[in-house]
file work11.txt (compact mmCIF, C-alpha atoms)
# COMPACT_ATOMS: atom_id res chain seq x y z
CA MET L 1310 35.15 103.92 17.78
CA ALA L 1311 35.24 100.23 18.68
CA ILE L 1312 36.63 101.07 22.13
CA PHE L 1313 33.65 103.34 22.74
CA ARG L 1314 31.15 100.63 21.72
CA GLN L 1315 32.85 97.84 23.63
CA TYR L 1316 33.86 99.58 26.84
CA ILE L 1317 32.64 103.15 27.35
CA ALA L 1318 28.99 102.89 26.20
CA PRO L 1319 28.22 99.75 28.26
CA LEU L 1320 29.94 101.32 31.28
CA LEU L 1321 27.78 104.44 30.94
CA VAL L 1322 24.63 102.31 30.70
CA VAL L 1323 25.57 100.35 33.81
CA LEU L 1324 26.42 103.54 35.74
CA VAL L 1325 23.08 105.14 34.84
CA PHE L 1326 21.26 101.97 35.90
CA ILE L 1327 23.11 101.84 39.23
CA PHE L 1328 22.43 105.54 39.86
CA ALA L 1329 18.70 105.07 39.15
CA LEU L 1330 18.61 102.00 41.40
CA VAL L 1331 20.25 103.90 44.26
CA ALA L 1332 17.95 106.91 43.79
CA VAL L 1333 14.82 104.74 43.90
CA SER L 1334 16.11 102.60 46.77
CA ALA L 1335 16.94 105.67 48.86
CA ARG L 1336 13.22 106.11 49.58
CA ILE L 1337 13.46 103.18 52.01
CA PHE L 1338 15.66 105.24 54.32
CA LEU L 1339 13.58 108.43 54.23
CA PRO L 1340 11.29 109.27 57.13
CA SER L 1341 7.76 108.01 56.49
CA ASP L 1342 6.35 111.51 55.92
CA MET L 1343 8.94 112.24 53.21
CA ALA L 1344 8.44 108.93 51.38
CA ALA L 1345 4.91 109.92 50.33
CA PRO L 1346 4.28 111.74 47.05
CA ALA L 1347 4.46 115.51 47.16
CA PRO L 1348 1.16 117.29 47.86
CA VAL L 1349 -0.50 118.95 44.89
CA GLU L 1350 -1.63 122.53 45.37
CA GLU L 1351 -3.55 124.79 43.05
CA VAL L 1352 -1.31 127.51 41.69
CA GLY L 1353 -2.41 130.58 39.74
CA VAL L 1354 -0.24 131.50 36.77
CA LEU L 1355 -0.14 134.97 35.27
CA LEU L 1356 0.14 134.78 31.48
CA LYS L 1357 -0.23 137.83 29.22
CA GLY L 1358 -2.15 139.68 31.93
CA LEU L 1359 -4.72 136.90 32.38
CA ALA L 1360 -4.83 134.63 35.40
CA PHE L 1361 -5.07 130.89 34.71
CA LYS L 1362 -5.34 128.14 37.25
CA VAL L 1363 -3.08 125.14 36.75
call {"tool": "encode", "arguments": {"input": "work11.txt", "output": "structure tokens"}}
result
Amino acid sequence: MAIFRQYIAPLLVVLVFIFALVAVSARIFLPSDMAAPAPVEEVGVLLKGLAFKV
């Protein structure tokens, strides 16, 4: 158990941090139209036979 706490758990934390850093930094290299937030559209959802707008 000590090996997990001393070596494996910190390694997993560092790997997750590096992955998140790369994922966020990748937006720099995207074309300008893809770097913007996704457009929000109104979608109708059918639930128990009734239509609801989300």
call {"tool": "atom_distance", "arguments": {"input": "work11.txt", "atom1": "CA of Val1349 in chain L", "atom2": "CA of Val1333 in chain L"}}
result
20.9 Å
call {"tool": "atom_distance", "arguments": {"input": "work11.txt", "atom1": "CA of Tyr1316 in chain L", "atom2": "CA of Ser1334 in chain L"}}
result
26.9 Å
call {"tool": "atom_distance", "arguments": {"input": "work11.txt", "atom1": "CA of Ala1335 in chain L", "atom2": "CA of Glu1351 in chain L"}}
result
28.6 Å
